[in-house]
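Raw my_file.txt, compact mmCIF, C-alpha atoms and all ligand atoms:
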```txt
# COMPACT_ATOMS: atom_id res chain seq x y z
CA MET A 1 92.44 67.60 -25.87
CA ASP A 2 89.44 66.66 -28.03
CA LEU A 3 87.18 63.71 -27.28
CA THR A 4 88.73 61.43 -29.87
CA GLU A 5 92.25 62.00 -28.54
CA GLU A 6 91.06 61.45 -24.98
CA ILE A 7 89.38 58.16 -25.92
CA LEU A 8 92.54 56.95 -27.68
CA ARG A 9 94.69 57.93 -24.70
CA LEU A 10 92.37 56.24 -22.17
CA LYS A 11 92.06 53.16 -24.36
CA LYS A 12 95.85 52.74 -24.23
CA GLU A 13 96.03 53.46 -20.51
CA ARG A 14 93.31 50.89 -19.71
CA ASN A 15 94.61 48.34 -22.20
CA ALA A 16 91.17 48.28 -23.79
CA VAL A 17 89.70 47.28 -27.13
CA ILE A 18 86.66 49.06 -28.59
CA LEU A 19 84.15 46.84 -30.41
CA ALA A 20 81.24 48.44 -32.26
CA HIS A 21 78.15 47.11 -34.01
CA SER A 22 77.33 48.37 -37.52
CA TYR A 23 74.29 50.22 -36.11
CA GLN A 24 76.43 52.51 -33.96
CA ARG A 25 76.79 56.21 -34.70
CA PRO A 26 79.34 56.91 -37.50
CA GLU A 27 81.78 58.64 -35.12
CA ILE A 28 81.79 55.58 -32.85
CA GLN A 29 82.34 53.22 -35.80
CA ASP A 30 85.25 55.40 -36.91
CA ILE A 31 87.05 55.25 -33.57
CA ALA A 32 86.40 51.53 -32.91
CA ASP A 33 89.12 48.90 -33.29
CA PHE A 34 86.60 46.59 -34.88
CA VAL A 35 83.12 47.05 -36.40
CA GLY A 36 80.91 44.11 -37.29
CA ASP A 37 77.66 42.19 -36.98
CA SER A 38 76.65 40.13 -33.96
CA LEU A 39 78.54 37.05 -35.14
CA ALA A 40 81.81 38.83 -35.91
CA LEU A 41 81.61 40.75 -32.64
CA ALA A 42 81.03 37.57 -30.62
CA ARG A 43 84.14 36.08 -32.22
CA LYS A 44 86.20 39.21 -31.50
CA ALA A 45 84.97 39.29 -27.91
CA GLN A 46 85.95 35.64 -27.42
CA GLU A 47 89.45 36.25 -28.83
CA ALA A 48 90.14 39.51 -26.93
CA THR A 49 93.31 39.39 -24.85
CA CYS A 50 93.33 42.95 -23.50
CA ASP A 51 92.08 43.78 -19.97
CA VAL A 52 88.98 45.71 -20.98
CA ILE A 53 86.38 45.29 -23.73
CA VAL A 54 84.35 48.42 -24.41
CA PHE A 55 81.26 47.21 -26.19
CA CYS A 56 79.54 49.85 -28.29
CA GLY A 57 76.30 48.08 -29.01
CA VAL A 58 73.33 46.99 -26.91
CA HIS A 59 73.24 45.18 -23.58
CA PHE A 60 72.78 41.60 -24.84
CA MET A 61 75.89 42.02 -27.02
CA ALA A 62 78.03 43.18 -24.09
CA GLU A 63 76.57 40.32 -22.05
CA THR A 64 77.61 37.90 -24.82
CA ALA A 65 81.16 39.26 -24.55
CA CYS A 66 81.08 38.57 -20.77
CA ILE A 67 79.81 35.03 -21.34
CA LEU A 68 82.49 34.21 -23.91
CA ASN A 69 85.41 35.92 -22.20
CA PRO A 70 84.87 35.84 -18.44
CA GLY A 71 88.35 37.12 -17.55
CA ARG A 72 87.78 40.60 -18.98
CA THR A 73 86.07 43.72 -17.76
CA VAL A 74 83.23 44.55 -20.17
CA LEU A 75 82.03 48.14 -20.31
CA LEU A 76 78.87 49.38 -22.06
CA PRO A 77 78.83 53.18 -22.53
CA ASP A 78 75.09 53.36 -21.70
CA LEU A 79 73.52 50.60 -19.62
CA ASN A 80 70.06 51.56 -20.91
CA ALA A 81 70.99 50.33 -24.38
CA ALA A 82 68.36 47.58 -24.45
CA CYS A 83 66.67 45.73 -27.34
CA SER A 84 62.95 45.33 -28.06
CA LEU A 85 63.56 41.90 -29.55
CA GLU A 86 65.29 40.72 -26.39
CA GLN A 87 62.40 42.13 -24.33
CA SER A 88 59.86 40.21 -26.39
CA CYS A 89 61.05 36.93 -24.83
CA PRO A 90 61.43 37.09 -21.02
CA ALA A 91 63.37 34.06 -19.70
CA ASP A 92 60.67 33.16 -17.14
CA GLU A 93 58.01 33.02 -19.89
CA LEU A 94 60.20 30.79 -22.03
CA GLU A 95 60.88 28.54 -19.04
CA SER A 96 57.16 28.19 -18.29
CA PHE A 97 56.44 27.46 -21.97
CA LEU A 98 59.08 24.73 -22.05
CA LYS A 99 57.73 23.18 -18.84
CA ALA A 100 54.16 23.26 -20.16
CA HIS A 101 55.30 21.57 -23.41
CA ALA A 102 57.90 19.22 -21.94
CA ASP A 103 56.36 16.32 -23.90
CA GLN A 104 57.48 18.02 -27.14
CA ASN A 105 61.19 17.82 -26.22
CA TYR A 106 61.86 21.01 -28.20
CA TYR A 107 65.29 21.74 -29.63
CA VAL A 108 65.51 25.40 -28.64
CA VAL A 109 67.23 27.66 -31.16
CA ALA A 110 67.73 31.18 -29.79
CA TYR A 111 68.64 34.18 -31.92
CA VAL A 112 71.54 35.92 -30.18
CA ASN A 113 69.30 38.96 -29.59
CA CYS A 114 68.08 37.60 -26.25
CA SER A 115 69.00 37.75 -22.57
CA ILE A 116 71.50 35.52 -20.81
CA GLY A 117 68.54 33.78 -19.12
CA VAL A 118 67.09 32.80 -22.51
CA LYS A 119 70.52 31.73 -23.79
CA ALA A 120 70.88 29.45 -20.77
CA LEU A 121 67.64 27.68 -21.79
CA ALA A 122 68.69 27.22 -25.42
CA ASP A 123 70.31 24.24 -27.16
CA VAL A 124 72.06 26.45 -29.68
CA ILE A 125 72.36 30.17 -30.48
CA VAL A 126 72.23 31.64 -33.98
CA THR A 127 72.84 35.05 -35.50
CA SER A 128 71.30 36.38 -38.69
CA GLY A 129 74.62 35.52 -40.37
CA ASN A 130 74.60 31.79 -39.55
CA ALA A 131 70.98 30.83 -38.77
CA GLN A 132 70.48 28.84 -41.96
CA ARG A 133 73.69 26.85 -41.56
CA ILE A 134 73.03 26.05 -37.91
CA ILE A 135 69.40 25.03 -38.38
CA GLU A 136 70.61 22.60 -41.04
CA THR A 137 72.59 20.79 -38.33
CA ALA A 138 69.64 20.58 -35.89
CA PRO A 139 68.60 17.02 -34.90
CA ALA A 140 66.00 15.74 -37.37
CA ASP A 141 64.10 13.81 -34.68
CA ARG A 142 63.29 16.84 -32.46
CA PRO A 143 60.86 19.68 -33.18
CA ILE A 144 62.48 23.14 -33.26
CA LEU A 145 61.33 26.03 -31.11
CA PHE A 146 62.80 29.29 -32.54
CA VAL A 147 63.02 32.29 -30.18
CA PRO A 148 62.53 35.26 -30.05
CA ASP A 149 62.29 36.62 -33.63
CA ARG A 150 59.29 35.39 -35.65
CA ASN A 151 60.65 37.11 -38.78
CA LEU A 152 64.15 35.64 -38.79
CA GLY A 153 62.54 32.33 -37.79
CA ALA A 154 60.08 32.40 -40.71
CA TRP A 155 62.82 33.32 -43.20
CA THR A 156 65.16 30.59 -41.92
CA SER A 157 62.35 28.04 -41.97
CA LEU A 158 61.73 28.90 -45.62
CA LYS A 159 65.44 28.67 -46.49
CA THR A 160 65.99 25.34 -44.74
CA GLY A 161 62.61 23.68 -45.29
CA ARG A 162 62.49 22.92 -41.53
CA ALA A 163 59.14 23.49 -39.83
CA MET A 164 59.52 25.38 -36.56
CA THR A 165 57.38 26.60 -33.71
CA MET A 166 57.97 30.34 -33.53
CA TRP A 167 58.10 32.58 -30.48
CA ASN A 168 56.00 35.66 -31.18
CA GLY A 169 58.75 38.28 -30.85
CA ALA A 170 60.04 40.98 -33.18
CA CYS A 171 62.32 44.01 -33.49
CA HIS A 172 60.32 47.25 -33.55
CA VAL A 173 62.92 48.93 -35.79
CA HIS A 174 62.63 46.34 -38.56
CA GLU A 175 58.87 45.97 -38.23
CA ARG A 176 58.42 49.71 -38.87
CA PHE A 177 59.44 49.49 -42.53
CA SER A 178 56.52 50.06 -44.85
CA ARG A 179 55.90 47.99 -47.98
CA ASP A 180 54.31 51.02 -49.67
CA LYS A 181 57.39 53.09 -48.97
CA VAL A 182 59.71 50.43 -50.42
CA LEU A 183 57.45 50.12 -53.49
CA GLU A 184 57.52 53.90 -53.89
CA MET A 185 61.31 53.89 -53.72
CA LYS A 186 61.57 51.03 -56.21
CA ALA A 187 59.47 53.10 -58.62
CA GLN A 188 61.65 56.15 -58.00
CA TYR A 189 64.93 54.21 -58.43
CA PRO A 190 64.08 51.38 -60.88
CA ASP A 191 67.78 50.50 -61.35
CA ALA A 192 68.36 49.98 -57.61
CA GLU A 193 68.51 46.60 -55.87
CA VAL A 194 66.62 46.15 -52.60
CA VAL A 195 68.74 44.59 -49.83
CA CYS A 196 66.97 43.77 -46.60
CA HIS A 197 67.68 42.29 -43.17
CA PRO A 198 65.84 39.05 -42.25
CA GLU A 199 64.36 40.76 -39.18
CA CYS A 200 61.98 42.54 -41.62
CA GLN A 201 58.44 41.24 -42.08
CA GLU A 202 57.53 38.94 -44.97
CA PRO A 203 55.78 41.58 -47.18
CA ILE A 204 59.07 43.54 -47.16
CA ARG A 205 61.24 40.47 -47.64
CA LEU A 206 59.21 39.59 -50.72
CA LEU A 207 60.30 42.88 -52.32
CA ALA A 208 64.00 42.24 -51.72
CA ASP A 209 66.58 41.22 -54.31
CA HIS A 210 68.75 39.94 -51.47
CA ILE A 211 68.19 39.18 -47.77
CA CYS A 212 71.16 38.92 -45.40
CA SER A 213 72.81 39.99 -42.14
CA THR A 214 74.38 43.44 -41.91
CA GLU A 215 77.90 42.05 -42.47
CA LYS A 216 76.97 40.14 -45.61
CA MET A 217 75.46 43.29 -47.14
CA ILE A 218 79.00 44.61 -47.69
CA PRO A 219 80.35 41.88 -50.02
CA TYR A 220 76.94 41.50 -51.65
CA CYS A 221 76.77 45.19 -52.64
CA ARG A 222 80.44 45.23 -53.61
CA GLU A 223 80.07 42.27 -55.94
CA SER A 224 76.65 43.10 -57.37
CA LYS A 225 76.48 44.67 -60.83
CA ALA A 226 74.04 47.28 -59.50
CA ALA A 227 75.33 50.77 -58.74
CA ARG A 228 72.51 51.77 -56.41
CA PHE A 229 70.87 50.00 -53.45
CA ILE A 230 67.79 50.55 -51.32
CA ILE A 231 68.83 49.36 -47.87
CA VAL A 232 66.19 48.04 -45.48
CA THR A 233 67.70 47.82 -42.00
CA GLU A 234 68.96 50.13 -39.25
CA THR A 235 70.50 53.39 -40.43
CA GLY A 236 74.01 52.83 -38.99
CA ILE A 237 74.89 50.36 -41.75
CA LEU A 238 74.69 53.13 -44.38
CA HIS A 239 77.89 54.69 -43.00
CA ARG A 240 79.73 51.38 -43.28
CA LEU A 241 78.44 50.63 -46.75
CA ARG A 242 79.39 54.10 -48.04
CA LYS A 243 82.84 53.79 -46.51
CA LEU A 244 83.60 50.22 -47.61
CA VAL A 245 81.88 50.22 -51.00
CA PRO A 246 82.86 53.55 -52.52
CA GLY A 247 81.46 54.62 -55.88
CA LYS A 248 78.03 53.05 -55.26
CA GLU A 249 74.92 54.74 -53.91
CA PHE A 250 73.08 53.58 -50.79
CA ILE A 251 69.60 54.84 -50.06
CA GLY A 252 67.82 54.10 -46.80
CA ALA A 253 64.26 52.80 -46.99
CA GLY A 254 63.07 54.34 -43.73
CA ILE A 255 60.11 56.48 -42.86
CA GLU A 256 62.10 59.59 -43.79
CA GLN A 257 63.41 59.74 -47.34
CA CYS A 258 67.05 58.63 -47.62
CA SER A 259 67.30 57.45 -44.06
CA CYS A 260 66.82 53.91 -42.71
CA ASN A 261 64.90 53.35 -39.49
CA GLU A 262 66.81 54.22 -36.35
CA CYS A 263 67.30 52.02 -33.27
CA GLU A 264 67.09 54.42 -30.37
CA TYR A 265 68.84 51.90 -28.11
CA MET A 266 71.87 51.61 -30.40
CA LYS A 267 72.05 55.38 -30.61
CA LEU A 268 72.23 55.82 -26.82
CA ASN A 269 75.98 55.32 -27.02
CA THR A 270 77.81 58.54 -27.82
CA LEU A 271 81.48 59.55 -28.03
CA GLN A 272 81.12 61.38 -24.73
CA LYS A 273 79.70 58.32 -22.96
CA LEU A 274 82.45 56.22 -24.52
CA ARG A 275 85.07 58.59 -23.06
CA ASP A 276 83.29 58.64 -19.67
CA CYS A 277 83.08 54.87 -19.39
CA LEU A 278 86.80 54.50 -20.11
CA GLN A 279 87.57 57.21 -17.58
CA ASN A 280 85.29 55.84 -14.81
CA MET A 281 85.62 52.14 -15.73
CA ALA A 282 81.80 52.07 -15.52
CA PRO A 283 79.11 51.13 -16.34
CA GLU A 284 80.37 47.57 -16.23
CA VAL A 285 78.30 44.57 -17.35
CA ARG A 286 78.45 41.79 -14.75
CA ILE A 287 76.85 38.38 -14.88
CA GLU A 288 76.34 35.55 -12.45
CA GLU A 289 78.83 32.67 -12.92
CA GLU A 290 76.37 29.75 -12.81
CA LEU A 291 74.16 31.40 -15.45
CA ARG A 292 77.25 32.26 -17.49
CA ARG A 293 78.33 28.65 -17.60
CA ARG A 294 74.92 27.51 -18.82
CA ALA A 295 74.65 30.26 -21.46
CA ALA A 296 78.22 29.63 -22.68
CA LYS A 297 77.39 26.10 -23.92
CA PRO A 298 74.90 27.00 -26.70
CA LEU A 299 77.00 30.05 -27.63
CA GLU A 300 80.16 27.99 -27.97
CA ARG A 301 78.21 25.40 -29.96
CA MET A 302 77.20 28.19 -32.34
CA LEU A 303 80.79 29.38 -32.78
CA GLU A 304 81.99 25.83 -33.45
CA LEU A 305 79.22 25.21 -35.99
CA SER A 306 79.85 28.47 -37.84
CA LEU A 307 83.60 28.08 -38.33
P1 LIG B 401 73.21 41.44 -37.25
O1 LIG B 401 74.24 42.33 -36.73
O2 LIG B 401 73.50 40.04 -36.85
O3 LIG B 401 72.94 41.57 -38.70
O4 LIG B 401 71.84 41.77 -36.46
C1 LIG B 401 71.18 42.94 -36.54
C2 LIG B 401 70.60 43.40 -35.27
O5 LIG B 401 69.48 43.76 -35.18
C3 LIG B 401 71.45 43.46 -34.13
O6 LIG B 401 70.77 44.04 -33.12
FE1 LIG B 402 67.27 45.17 -30.95
FE2 LIG B 402 66.11 45.88 -33.20
FE3 LIG B 402 67.74 47.59 -31.99
FE4 LIG B 402 68.75 45.37 -33.17
S1 LIG B 402 67.74 47.09 -34.16
S2 LIG B 402 69.24 46.18 -31.14
S3 LIG B 402 67.08 43.93 -32.79
S4 LIG B 402 65.80 46.83 -31.19
```

Go through the file and emit its structure as structure tokens.
Ligand code: 13P
Ligand code: SF4
Amino acid sequence: MDLTEEILRLKKERNAVILAHSYQRPEIQDIADFVGDSLALARKAQEATCDVIVFCGVHFMAETACILNPGRTVLLPDLNAACSLEQSCPADELESFLKAHADQNYYVVAYVNCSIGVKALADVIVTSGNAQRIIETAPADRPILFVPDRNLGAWTSLKTGRAMTMWNGACHVHERFSRDKVLEMKAQYPDAEVVCHPECQEPIRLLADHICSTEKMIPYCRESKAARFIIVTETGILHRLRKLVPGKEFIGAGIEQCSCNECEYMKLNTLQKLRDCLQNMAPEVRIEEELRRRAAKPLERMLELSL
């Protein structure tokens, strides 16, 4: 029996659902029951009624599934699938910062790419797909502290006109894009539109025709008059775009020609590890109940506000 057949058989046996982020390897996206961005995956995880959620993404995403749906077993094919953005904001550092600035009474907005400990300290969570909308609902009489992504924070601040104190964190994958490289590609493909993720730095964002979350890139490219796009985010999205928007050309803007930058954490999950985790029912992501309850509040607030 080949790997794909085995995964499908085990999935049925375990009464499992496979959720995958758009940055996963193409073969994982193709076998998943659902592929999406962080927001769509959080919604799917909350709604899941099967016994097991296999989360093909990084650790904070699987943790989010545990927070939102405590009755299920959540498996992550490789427990080492971390996130540099999450690591740039340790919960104890945020806690000390908030204590030291207690007089400010910050309204803490946390990008979903953070640990459960950081979520538990936040007033509301955002994703790249809903940050603008949620910041617009933030109380006008409290200063905003945005954690951990300084790039998404700066972009959202610009879009909403809300001044914010920014945590100095970033995603190493998105910060690796080079402005010179994007300029070179624009010169090479003058008819192409540049579509970039808000986790990119400002000099890159300034070159973009459109800035949005991974999920929103699909309808944008489908509806645009352009036939060719230079995509500035993680490489996994190219597979989705090529599959869902046939007849158009998608070129990655990464260090290597025609390839976006790769997130080595996202790529830790493989078909083999997916099969193994369903077979062994491990590795499982487990969280402490008290922390879960605290982290659930700002996450549920986000889901309510982004209906
Ligand atoms: P979205 O899926 O929300 O676009 O975020 C991208 C990302 O970096 C997830 O790790
Ligand atoms: Fe984290 Fe960046 Fe990888 Fe997304 S692409 S999981 S933000 S390291």

Exercise for the section: Name all residues at most 10 Å from Ile67 of chain A (count all atoms listed in the file; drop same-chain ones fewer than 6 positions away) and give them as a list in words. Expected result: Ala42, Ala45, Gln46, Met61, Ile116, Arg286, Ile287, Glu288, Glu289, Leu291, Arg292, Arg293, Arg294, Ala295, Ala296, Lys297, Leu299 and Glu300 of chain A

Exercise for the section: Name all residues at most 12 Å from Ile237 of chain A (count only C-alpha atoms; drop same-chain ones fewer than 4 positions away) and give them as a PyMOL selection string. Expected result: chain A and resi 20-26+29+35-37+195-197+213-218+230-233+241-245+250-252+259-263+266

Export of the given selection (C-alpha atoms) as a compact mmCIF listing (two decimals), in the coordinates of the input:
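Written file, again-v3.txt:
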```txt
# COMPACT_ATOMS: atom_id res chain seq x y z
CA ALA A 20 81.24 48.44 -32.26
CA HIS A 21 78.15 47.11 -34.01
CA SER A 22 77.33 48.37 -37.52
CA TYR A 23 74.29 50.22 -36.11
CA GLN A 24 76.43 52.51 -33.96
CA ARG A 25 76.79 56.21 -34.70
CA PRO A 26 79.34 56.91 -37.50
CA GLN A 29 82.34 53.22 -35.80
CA VAL A 35 83.12 47.05 -36.40
CA GLY A 36 80.91 44.11 -37.29
CA ASP A 37 77.66 42.19 -36.98
CA VAL A 195 68.74 44.59 -49.83
CA CYS A 196 66.97 43.77 -46.60
CA HIS A 197 67.68 42.29 -43.17
CA SER A 213 72.81 39.99 -42.14
CA THR A 214 74.38 43.44 -41.91
CA GLU A 215 77.90 42.05 -42.47
CA LYS A 216 76.97 40.14 -45.61
CA MET A 217 75.46 43.29 -47.14
CA ILE A 218 79.00 44.61 -47.69
CA ILE A 230 67.79 50.55 -51.32
CA ILE A 231 68.83 49.36 -47.87
CA VAL A 232 66.19 48.04 -45.48
CA THR A 233 67.70 47.82 -42.00
CA LEU A 241 78.44 50.63 -46.75
CA ARG A 242 79.39 54.10 -48.04
CA LYS A 243 82.84 53.79 -46.51
CA LEU A 244 83.60 50.22 -47.61
CA VAL A 245 81.88 50.22 -51.00
CA PHE A 250 73.08 53.58 -50.79
CA ILE A 251 69.60 54.84 -50.06
CA GLY A 252 67.82 54.10 -46.80
CA SER A 259 67.30 57.45 -44.06
CA CYS A 260 66.82 53.91 -42.71
CA ASN A 261 64.90 53.35 -39.49
CA GLU A 262 66.81 54.22 -36.35
CA CYS A 263 67.30 52.02 -33.27
CA MET A 266 71.87 51.61 -30.40
```

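Counting from atom CA of Asp276 of chain A, the distance to atom CA of Asp33 of chain A is 17.7 Å.
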
Completion exercise
atom CA of Asp92 of chain A sits from atom CA of Pro143 of chain A at a separation of 21.0 Å

Axis-aligned box for all listed atoms of ligand LIG 402 (chain B), 4 Å per side, centre and edges in Å to one decimal, as lines of an AutoDock Vina configuration file:
```
center_x = 67.5
center_y = 45.8
center_z = -32.6
size_x = 11.4
size_y = 11.7
size_z = 11.2
```

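The shortest atom-to-atom distance to Leu152 of chain A, with only C-alpha atoms taken into account, belongs to A:Tyr111 out of A:Tyr189, A:Phe229, A:Tyr111, A:Phe177.
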
Fill in the blank from the handout: In terms of all atoms listed in the file, the residue from A:Gln104, A:Thr156, A:Thr165, A:Gln272 at minimal distance from Ser128 of chain A is A:Thr156

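When all atoms listed in the file are used to measure the gap to ligand LIG 402 (chain B), the shortest distance among A:Glu175, A:Glu249, A:Asp209, A:Asp191 belongs to A:Glu175.
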
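Closest to ligand LIG 401 (chain B) among A:Lys181, A:Lys159, A:His174, A:Arg133 is A:His174, based on only C-alpha atoms and all ligand atoms.
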
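Counting from atom CA of Glu86 of chain A, the distance to atom CA of Arg150 of chain A is 12.3 Å.
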
Practice task
Pick out the residues sitting within 12 Å of Ala131 of chain A, and hand them over as a ChimeraX atom specification; count all atoms listed in the file, and ignore anything fewer than 2 positions along from it in its own chain.
Solution key: /A:38-39,109-112,124-129,133-138,146-147,149,152-160,162,198-199,212-213,302-303,305-306

Which polymer residues, whether protein, DNA or RNA, lie within 12 Å of the coordinate (97.1, 52.4, -17.3) when you count only C-alpha atoms? List them as a CSV table (one decimal) with C-alpha atoms, in the frame of the given file, using the chain letters and numbers from the file.
```
chain,number,residue,atom,x,y,z
A,9,ARG,CA,94.7,57.9,-24.7
A,10,LEU,CA,92.4,56.2,-22.2
A,11,LYS,CA,92.1,53.2,-24.4
A,12,LYS,CA,95.8,52.7,-24.2
A,13,GLU,CA,96.0,53.5,-20.5
A,14,ARG,CA,93.3,50.9,-19.7
A,15,ASN,CA,94.6,48.3,-22.2
A,16,ALA,CA,91.2,48.3,-23.8
A,50,CYS,CA,93.3,43.0,-23.5
A,51,ASP,CA,92.1,43.8,-20.0
A,52,VAL,CA,89.0,45.7,-21.0
A,278,LEU,CA,86.8,54.5,-20.1
A,279,GLN,CA,87.6,57.2,-17.6
A,281,MET,CA,85.6,52.1,-15.7
```

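The shortest atom-to-atom distance to Tyr265 of chain A, with only C-alpha atoms taken into account, belongs to A:Ser84 out of A:Ser84, A:Thr235, A:Gln201, A:Asn105.
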